[in-house]
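Colleague: For reference, this is data15.txt, and it has compact mmCIF, C-alpha atoms.
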```txt
# COMPACT_ATOMS: atom_id res chain seq x y z
CA MET B 238 217.75 -7.47 9.09
CA LYS B 239 218.34 -3.99 10.40
CA VAL B 240 220.79 -3.41 13.23
CA LYS B 241 220.92 -0.21 15.29
CA TYR B 242 223.65 1.00 17.61
CA PHE B 243 223.46 3.57 20.39
CA ALA B 244 225.80 5.61 22.62
CA TRP B 245 229.40 4.33 22.70
CA VAL B 246 228.50 1.20 20.75
CA ARG B 247 227.40 3.51 17.91
CA GLU B 248 230.55 5.60 18.21
CA ARG B 249 232.82 2.57 18.16
CA VAL B 250 231.08 0.87 15.22
CA GLY B 251 231.13 4.22 13.44
CA LYS B 252 227.52 4.12 12.27
CA ALA B 253 224.05 4.35 13.77
CA GLU B 254 222.54 1.50 11.78
CA GLU B 255 223.21 -0.99 9.03
CA THR B 256 221.50 -3.83 7.21
CA ILE B 257 223.12 -7.21 7.70
CA GLU B 258 222.66 -10.73 6.39
CA PRO B 259 224.19 -13.13 8.87
CA PRO B 260 224.39 -16.82 7.91
CA GLY B 261 221.69 -19.18 9.15
CA SER B 262 224.07 -20.65 11.71
CA VAL B 263 223.80 -17.38 13.68
CA ARG B 264 220.74 -18.05 15.81
CA THR B 265 220.96 -16.01 19.00
CA VAL B 266 221.84 -12.48 20.08
CA GLU B 267 225.06 -13.83 21.58
CA GLU B 268 225.99 -15.53 18.29
CA LEU B 269 225.12 -12.38 16.35
CA ILE B 270 227.47 -10.34 18.54
CA ALA B 271 230.25 -12.85 17.84
CA TRP B 272 229.51 -12.72 14.11
CA LEU B 273 229.37 -8.91 14.06
CA SER B 274 232.71 -8.77 15.91
CA GLY B 275 234.28 -10.51 12.93
CA GLN B 276 232.96 -7.98 10.42
CA SER B 277 235.51 -5.22 11.02
CA GLU B 278 237.99 -3.87 13.54
CA ALA B 279 235.45 -1.23 14.51
CA HIS B 280 232.84 -3.90 15.27
CA ALA B 281 235.39 -5.94 17.20
CA TYR B 282 236.19 -2.84 19.31
CA ALA B 283 232.50 -2.11 19.96
CA PHE B 284 231.82 -5.70 21.05
CA GLU B 285 235.13 -6.39 22.83
CA LYS B 286 233.24 -6.91 26.12
CA PRO B 287 230.12 -8.73 24.91
CA LYS B 288 228.73 -9.24 28.43
CA VAL B 289 228.41 -5.48 28.89
CA ILE B 290 226.32 -5.05 25.75
CA ARG B 291 222.52 -4.90 26.05
CA ALA B 292 220.22 -5.87 23.20
CA ALA B 293 216.67 -5.23 22.09
CA ILE B 294 214.66 -7.04 19.42
CA ASP B 295 211.92 -4.98 17.81
CA ARG B 296 212.21 -2.39 20.59
CA ALA B 297 211.94 -4.74 23.58
CA HIS B 298 214.80 -5.81 25.86
CA VAL B 299 216.09 -9.35 25.31
CA LYS B 300 218.74 -11.55 26.92
CA SER B 301 221.81 -12.79 25.07
CA ASP B 302 220.27 -16.22 24.44
CA ALA B 303 217.23 -14.74 22.63
CA VAL B 304 216.59 -16.17 19.18
CA ILE B 305 216.95 -13.62 16.38
CA ALA B 306 214.84 -15.43 13.76
CA GLY B 307 212.01 -13.19 12.57
CA ALA B 308 213.48 -10.05 14.09
CA GLY B 309 212.92 -6.89 12.07
CA GLU B 310 215.22 -4.65 14.08
CA ILE B 311 217.95 -5.56 16.55
CA ALA B 312 219.60 -2.87 18.66
CA PHE B 313 222.83 -2.99 20.65
CA PHE B 314 223.71 -0.48 23.35
CA PRO B 315 225.51 -0.04 26.66
CA PRO B 316 223.68 -0.20 30.02
CA MET B 317 221.21 2.66 30.20
CA THR B 318 221.92 5.87 32.09
CA GLY B 319 218.81 7.99 31.69
CA GLY B 320 216.55 9.52 34.30
CA MET O 148 188.73 5.61 37.95
CA THR O 149 190.24 7.26 34.93
CA CYS O 150 194.01 7.45 34.68
CA PRO O 151 195.18 9.68 31.84
CA VAL O 152 198.77 8.98 30.87
CA THR O 153 201.09 11.45 29.20
CA ILE O 154 204.52 10.33 27.96
CA ARG O 155 206.73 12.76 26.09
CA ILE O 156 210.32 12.79 24.95
CA GLN O 157 211.39 16.24 23.92
CA GLU O 158 214.30 18.64 23.59
CA ASP O 159 212.34 21.52 25.11
CA ASP O 160 212.12 22.26 28.80
CA PHE O 161 208.95 21.53 30.77
CA ASP O 162 207.03 23.61 33.30
CA ILE O 163 206.32 21.50 36.39
CA ALA O 164 203.47 23.71 37.66
CA ARG O 165 201.81 23.65 34.25
CA GLU O 166 202.10 19.87 33.97
CA ILE O 167 200.53 19.42 37.41
CA ALA O 168 197.71 21.81 36.45
CA VAL O 169 197.05 19.80 33.26
CA LEU O 170 197.04 16.53 35.23
CA THR O 171 194.59 17.76 37.87
CA LYS O 172 192.34 20.01 35.75
CA SER O 173 188.62 19.41 36.40
CA ARG O 174 189.41 16.48 38.70
CA THR O 175 188.00 16.21 42.21
CA ASP O 176 189.04 12.60 42.83
CA ILE O 177 192.77 13.36 43.12
CA GLY O 178 194.02 13.83 46.66
CA ALA O 179 197.76 13.63 46.05
CA VAL O 180 200.22 14.48 43.32
CA VAL O 181 203.86 13.49 43.68
CA SER O 182 206.35 15.28 41.47
CA PHE O 183 209.90 14.10 40.86
CA SER O 184 212.25 16.11 38.73
CA GLY O 185 215.76 15.09 37.78
CA ILE O 186 218.15 17.98 37.20
CA CYS O 187 221.51 18.18 35.43
CA ARG O 188 224.17 18.35 38.15
CA ALA O 189 227.54 20.04 37.74
CA ASP O 190 229.44 18.16 40.42
CA GLU O 191 230.48 14.61 39.72
CA GLU O 192 233.16 12.59 41.50
CA SER O 193 235.86 13.44 38.99
CA ALA O 194 235.36 16.86 37.45
CA LYS O 195 232.91 19.71 37.06
CA ILE O 196 230.45 18.93 34.32
CA ALA O 197 230.00 21.59 31.67
CA ALA O 198 227.08 19.89 29.88
CA LEU O 199 225.27 16.60 29.38
CA THR O 200 224.07 15.22 26.08
CA LEU O 201 221.20 12.76 26.25
CA GLU O 202 220.73 10.21 23.49
CA HIS O 203 217.72 7.91 23.23
CA TYR O 204 216.33 5.08 21.14
CA PRO O 205 213.29 6.68 19.46
CA GLY O 206 210.29 4.41 19.56
CA MET O 207 211.66 2.02 22.16
CA ALA O 208 212.09 4.75 24.78
CA GLU O 209 208.40 5.67 24.58
CA GLU O 210 207.31 2.02 24.51
CA GLU O 211 209.50 1.07 27.48
CA ILE O 212 208.18 3.97 29.57
CA LYS O 213 204.63 3.02 28.58
CA ARG O 214 205.17 -0.58 29.69
CA HIS O 215 206.32 0.60 33.12
CA VAL O 216 203.51 3.13 33.45
CA GLU O 217 201.07 0.31 32.70
CA GLU O 218 202.70 -1.81 35.37
CA ALA O 219 202.50 1.09 37.83
CA THR O 220 198.81 1.63 37.13
CA SER O 221 198.16 -2.07 37.68
CA ARG O 222 200.04 -2.08 41.00
CA TRP O 223 198.75 1.16 42.52
CA PRO O 224 195.40 2.98 42.31
CA LEU O 225 196.59 5.91 40.20
CA ASN O 226 194.47 8.73 38.80
CA GLY O 227 197.03 10.09 36.36
CA VAL O 228 200.67 9.74 35.29
CA THR O 229 202.93 12.12 33.39
CA VAL O 230 206.47 11.23 32.32
CA ILE O 231 208.55 13.73 30.36
CA HIS O 232 212.18 13.00 29.47
CA ARG O 233 214.38 15.52 27.72
CA VAL O 234 217.03 14.68 25.13
CA GLY O 235 219.79 16.70 23.52
CA ARG O 236 222.39 18.92 25.19
CA LEU O 237 221.61 20.12 28.71
CA MET O 238 223.50 22.45 31.02
CA PRO O 239 223.89 22.13 34.80
CA GLY O 240 220.76 23.33 36.56
CA GLN O 241 218.47 22.40 33.69
CA ASN O 242 215.66 19.86 33.95
CA ILE O 243 216.21 16.33 32.61
CA VAL O 244 213.17 14.32 33.61
CA LEU O 245 209.75 14.78 35.20
CA VAL O 246 207.55 12.10 36.75
CA LEU O 247 204.12 13.04 38.10
CA THR O 248 201.85 10.52 39.75
CA ALA O 249 198.36 11.35 40.96
CA SER O 250 196.28 9.30 43.32
CA GLN O 251 193.55 9.54 45.89
CA HIS O 252 196.09 9.10 48.70
CA ARG O 253 199.76 9.90 48.97
CA GLN O 254 201.21 6.41 49.51
CA ALA O 255 200.29 5.15 46.06
CA ALA O 256 201.56 8.34 44.42
CA PHE O 257 204.89 8.25 46.30
CA GLN O 258 205.51 4.58 45.60
CA ALA O 259 204.51 4.73 41.94
CA ALA O 260 206.76 7.75 41.33
CA GLU O 261 209.70 5.96 42.91
CA PHE O 262 208.98 2.75 40.99
CA LEU O 263 208.81 4.68 37.69
CA MET O 264 212.05 6.54 38.34
CA ASP O 265 213.90 3.36 39.33
CA TYR O 266 212.85 1.71 36.07
CA LEU O 267 213.49 4.81 33.97
CA LYS O 268 217.10 4.73 35.18
CA THR O 269 217.73 1.08 34.43
CA SER O 270 215.53 0.07 31.52
CA ALA O 271 214.44 3.08 29.47
CA PRO O 272 216.91 3.43 26.57
CA PHE O 273 218.57 6.75 27.33
CA TRP O 274 222.30 7.43 27.61
CA LYS O 275 224.15 10.40 29.06
CA LYS O 276 227.40 11.78 27.75
CA GLU O 277 229.28 14.23 29.99
CA GLU O 278 231.40 17.14 28.92
CA SER O 279 233.98 18.43 31.36
CA ALA O 280 237.26 20.32 31.30
CA THR O 281 239.06 17.00 30.87
CA GLY O 282 237.04 15.88 27.85
CA THR O 283 233.85 14.01 27.09
CA GLY O 284 232.77 10.56 28.14
CA TRP O 285 229.73 8.32 28.47
CA VAL O 286 228.28 8.05 31.96
CA GLU O 287 228.62 4.56 33.39
CA ALA O 288 225.64 2.74 34.81
CA HIS O 289 225.62 2.33 38.59
CA ALA O 290 224.97 -0.96 40.35
CA ARG O 291 223.00 1.00 42.95
CA ASP O 292 220.43 1.87 40.25
CA ASP O 293 220.00 -1.82 39.36
CA GLU O 294 219.57 -2.61 43.05
CA ALA O 295 216.97 0.15 43.41
CA ALA O 296 214.96 -1.28 40.50
CA ALA O 297 215.35 -4.88 41.69
CA ARG O 298 213.61 -4.24 45.02
CA TRP O 299 210.29 -3.77 43.18
CA THR O 300 210.44 -7.32 41.86
CA LYS O 301 210.67 -8.78 45.36
CA SER O 302 207.40 -9.65 46.46
```
Give the structure from the file, written as structure tokens.

Modeller:
Amino acid sequence: MKVKYFAWVRERVGKAEETIEPPGSVRTVEELIAWLSGQSEAHAYAFEKPKVIRAAIDRAHVKSDAVIAGAGEIAFFPPMTGG
Amino acid sequence: MTCPVTIRIQEDDFDIAREIAVLTKSRTDIGAVVSFSGICRADEESAKIAALTLEHYPGMAEEEIKRHVEEATSRWPLNGVTVIHRVGRLMPGQNIVLVLTASQHRQAAFQAAEFLMDYLKTSAPFWKKEESATGTGWVEAHARDDEAAARWTKS
């Protein structure tokens, strides 16, 4: 599945997107964040405060308990500051 | 009642008068147009801002704005909506965002414009990075913006 990062999450991870293959035991957004945090120091830094991170599955906002099965694109970003 | 909707995300500036003219052209059913524009401000609490850079999530930003415009048109009798959000590097005094709402009467137009702006701030995927004399940093979200958006869910 494709993962996208925006704003300071992108800067901390060090890339705008990547393709990942998490194990089947990773079922929810929250579990994916925990798994991603273990992938590198940069990921751990980006996700050090997981409660702050917002997520979207296939371009729609989701909560941390959302199931990731079937997702084409998952995005992680800080709270929005547009407008 | 027709309600044309225009949603654009662009680097270029917009002309408010021109956008209103486009929205109201050949229409005699519109009695009110409310225009909100958000402008890049130089004065923040900490330091003078030299520039803002706006990042967005292409695709989702348009879809999220569209979802809220659809909700606005279902809640208020609107005759037209325009939302334009700029991205890229902006200097103080430059336009950031434009919301136009047209209706037969002013109340619907005022309320819908406010509703759209409150949701643009809290749920449209845009992020601001500030440049000042002391360096650059991402703007933090304000609880007051979440509170402003939450009041529309009270019923």

Colleague: Between chain O and chain B, at 9 Å or less, what are the per-residue closest atom pairs and their distances in Å? Count only C-alpha atoms, order by chain and rising residue number, and return it as CSV.

Modeller:
```
residue,atom,partner,partner_atom,distance
O:Gly185,CA,B:Gly320,CA,6.6
O:Leu201,CA,B:Gly319,CA,7.6
O:Glu202,CA,B:Ala244,CA,6.9
O:His203,CA,B:Phe243,CA,7.7
O:Tyr204,CA,B:Phe243,CA,7.3
O:Gly206,CA,B:Arg296,CA,7.1
O:Met207,CA,B:Arg296,CA,4.7
O:Ala208,CA,B:Arg296,CA,8.3
O:Glu210,CA,B:Arg296,CA,7.7
O:Glu211,CA,B:Ala297,CA,7.4
O:His232,CA,B:Gly320,CA,7.4
O:Ile243,CA,B:Gly320,CA,7.0
O:Val244,CA,B:Gly320,CA,5.9
O:Leu245,CA,B:Gly320,CA,8.6
O:Met264,CA,B:Gly320,CA,6.7
O:Asp265,CA,B:Gly320,CA,8.4
O:Tyr266,CA,B:Gly320,CA,8.8
O:Leu267,CA,B:Gly320,CA,5.6
O:Lys268,CA,B:Gly320,CA,4.9
O:Thr269,CA,B:Met317,CA,5.7
O:Ser270,CA,B:Met317,CA,6.4
O:Ala271,CA,B:Met317,CA,6.8
O:Pro272,CA,B:Met317,CA,5.7
O:Phe273,CA,B:Gly319,CA,4.5
O:Trp274,CA,B:Thr318,CA,4.8
O:Lys275,CA,B:Thr318,CA,5.9
O:Lys276,CA,B:Ala244,CA,8.2
O:Gly284,CA,B:Trp245,CA,8.9
O:Trp285,CA,B:Trp245,CA,7.0
O:Val286,CA,B:Thr318,CA,6.7
O:Glu287,CA,B:Thr318,CA,6.9
O:Ala288,CA,B:Thr318,CA,5.6
O:His289,CA,B:Thr318,CA,8.3
```

Colleague: How many Å lie between atom CA of O:Lys213 and atom CA of O:Gln258, rounded to one decimal?

Modeller: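 It comes out at 17.1 Å.
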
Colleague: Would you compute the distance between atom CA of O:Ser221 and atom CA of O:Thr175? Give it in Å to one decimal.

Modeller: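 Straight-line distance from atom CA of O:Ser221 to atom CA of O:Thr175 works out to 21.4 Å.
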
Colleague: Please measure the separation of atom CA of B:Val240 and atom CA of B:Ile311, giving the value in Å to one decimal.

Modeller: 4.9 Å

Colleague: Need the shell around stretch 248-259 of chain B: protein/DNA/RNA residues with any atom at most 8 Å away, counting only C-alpha atoms. Skip same-chain ones fewer than 6 positions apart. Format as a ChimeraX atom specification?

Modeller: /B:238-242,269,272,279-280,282-283

Colleague: So, counting all atoms listed in the file, which residue among B:Val266, B:Ala292, B:Ala306, B:Val299 is closest to B:Val246?

Modeller: B:Ala292

Colleague: Using only C-alpha atoms, pick whichever of O:Ile177, O:Val228, O:Ala219, O:Ala168 has the shortest atom-to-atom distance to O:Ile154.

Modeller: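 For O:Ile154, the nearest of the given residues is O:Val228.
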
Colleague: Point out the residue among O:Ala255, O:Ile156, O:Val169, O:Val180 with the least atom-to-atom distance to O:Thr220, counting only C-alpha atoms.

Modeller: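 Answer, going by the shortest atom-to-atom distance: O:Ala255.
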
Colleague: Show me the residues close to (204.7, 6.8, 37.8) - anything with an atom within 6 Å, counting all atoms listed in the file - and format the list as a list in words.

Modeller: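 These residues have at least one counted atom within 6 Å: Val216, Val228, Thr248, Ala259, Ala260 and Leu263 of chain O.
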
Colleague: Return the single residue from O:His252, O:Pro151, O:Ala295, O:Pro239 that is closest to O:Lys195, with distances computed using all atoms listed in the file.

Modeller: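 Using all atoms listed in the file, O:Lys195 sits closest to O:Pro239.
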
Colleague: As a compact mmCIF listing (two decimals) with C-alpha atoms, keeping the file's coordinate frame, please: the residues near O:Arg174 (cut-off 12 Å, only C-alpha atoms, same-chain neighbours under 5 positions excluded).

Modeller:
```txt
# COMPACT_ATOMS: atom_id res chain seq x y z
CA MET O 148 188.73 5.61 37.95
CA THR O 149 190.24 7.26 34.93
CA CYS O 150 194.01 7.45 34.68
CA PRO O 151 195.18 9.68 31.84
CA ILE O 167 200.53 19.42 37.41
CA ALA O 168 197.71 21.81 36.45
CA VAL O 169 197.05 19.80 33.26
CA ALA O 179 197.76 13.63 46.05
CA VAL O 180 200.22 14.48 43.32
CA ASN O 226 194.47 8.73 38.80
CA GLY O 227 197.03 10.09 36.36
CA ALA O 249 198.36 11.35 40.96
CA SER O 250 196.28 9.30 43.32
CA GLN O 251 193.55 9.54 45.89
```

Colleague: Could you pull out every residue with an atom within 8 Å of (224.5, -14.3, 24.2), file coordinates, counting all atoms listed in the file, and send them as a list in words?

Modeller: Thr265, Val266, Glu267, Glu268, Ile270, Pro287, Lys288, Lys300, Ser301, Asp302 and Ala303 of chain B

Colleague: Any chance you can output those residues with C-alpha atoms as a PDB file, in the frame of the given file?

Modeller:
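Printed below is selection.pdb as written:
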```pdb
ATOM      1  CA  THR B 265     220.960 -16.010  19.000  1.00  0.00           C
ATOM      2  CA  VAL B 266     221.840 -12.480  20.080  1.00  0.00           C
ATOM      3  CA  GLU B 267     225.060 -13.830  21.580  1.00  0.00           C
ATOM      4  CA  GLU B 268     225.990 -15.530  18.290  1.00  0.00           C
ATOM      5  CA  ILE B 270     227.470 -10.340  18.540  1.00  0.00           C
ATOM      6  CA  PRO B 287     230.120  -8.730  24.910  1.00  0.00           C
ATOM      7  CA  LYS B 288     228.730  -9.240  28.430  1.00  0.00           C
ATOM      8  CA  LYS B 300     218.740 -11.550  26.920  1.00  0.00           C
ATOM      9  CA  SER B 301     221.810 -12.790  25.070  1.00  0.00           C
ATOM     10  CA  ASP B 302     220.270 -16.220  24.440  1.00  0.00           C
ATOM     11  CA  ALA B 303     217.230 -14.740  22.630  1.00  0.00           C
TER      12      ALA B 303
END
```

Colleague: Provide stretch 196-209 of chain O rebuilt to N, CA and C atoms, formatted as a tab-separated table (two decimals), in the frame of the given file.

Modeller:
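File produced: selection20.tsv:
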```tsv
chain	number	residue	atom	x	y	z
O	196	ILE	N	231.07	19.21	35.61
O	196	ILE	CA	230.45	18.93	34.32
O	196	ILE	C	230.00	20.23	33.66
O	197	ALA	N	230.37	20.39	32.40
O	197	ALA	CA	230.00	21.59	31.67
O	197	ALA	C	228.65	21.40	30.99
O	198	ALA	N	228.36	20.18	30.55
O	198	ALA	CA	227.08	19.89	29.88
O	198	ALA	C	226.88	18.38	29.79
O	199	LEU	N	225.63	18.00	29.60
O	199	LEU	CA	225.27	16.60	29.38
O	199	LEU	C	224.57	16.51	28.04
O	200	THR	N	224.86	15.45	27.28
O	200	THR	CA	224.07	15.22	26.08
O	200	THR	C	223.34	13.89	26.25
O	201	LEU	N	222.02	13.95	26.09
O	201	LEU	CA	221.20	12.76	26.25
O	201	LEU	C	220.78	12.20	24.91
O	202	GLU	N	221.12	10.92	24.71
O	202	GLU	CA	220.73	10.21	23.49
O	202	GLU	C	219.64	9.22	23.87
O	203	HIS	N	218.73	8.93	22.95
O	203	HIS	CA	217.72	7.91	23.23
O	203	HIS	C	217.45	7.07	22.00
O	204	TYR	N	216.72	5.99	22.22
O	204	TYR	CA	216.33	5.08	21.14
O	204	TYR	C	214.87	5.43	20.82
O	205	PRO	N	214.66	6.24	19.76
O	205	PRO	CA	213.29	6.68	19.46
O	205	PRO	C	212.39	5.47	19.21
O	206	GLY	N	211.21	5.53	19.71
O	206	GLY	CA	210.29	4.41	19.56
O	206	GLY	C	210.37	3.50	20.77
O	207	MET	N	211.55	2.92	21.00
O	207	MET	CA	211.66	2.02	22.16
O	207	MET	C	211.56	2.79	23.47
O	208	ALA	N	212.13	3.98	23.53
O	208	ALA	CA	212.09	4.75	24.78
O	208	ALA	C	210.64	4.99	25.21
O	209	GLU	N	209.82	5.42	24.27
O	209	GLU	CA	208.40	5.67	24.58
O	209	GLU	C	207.70	4.37	24.99
```
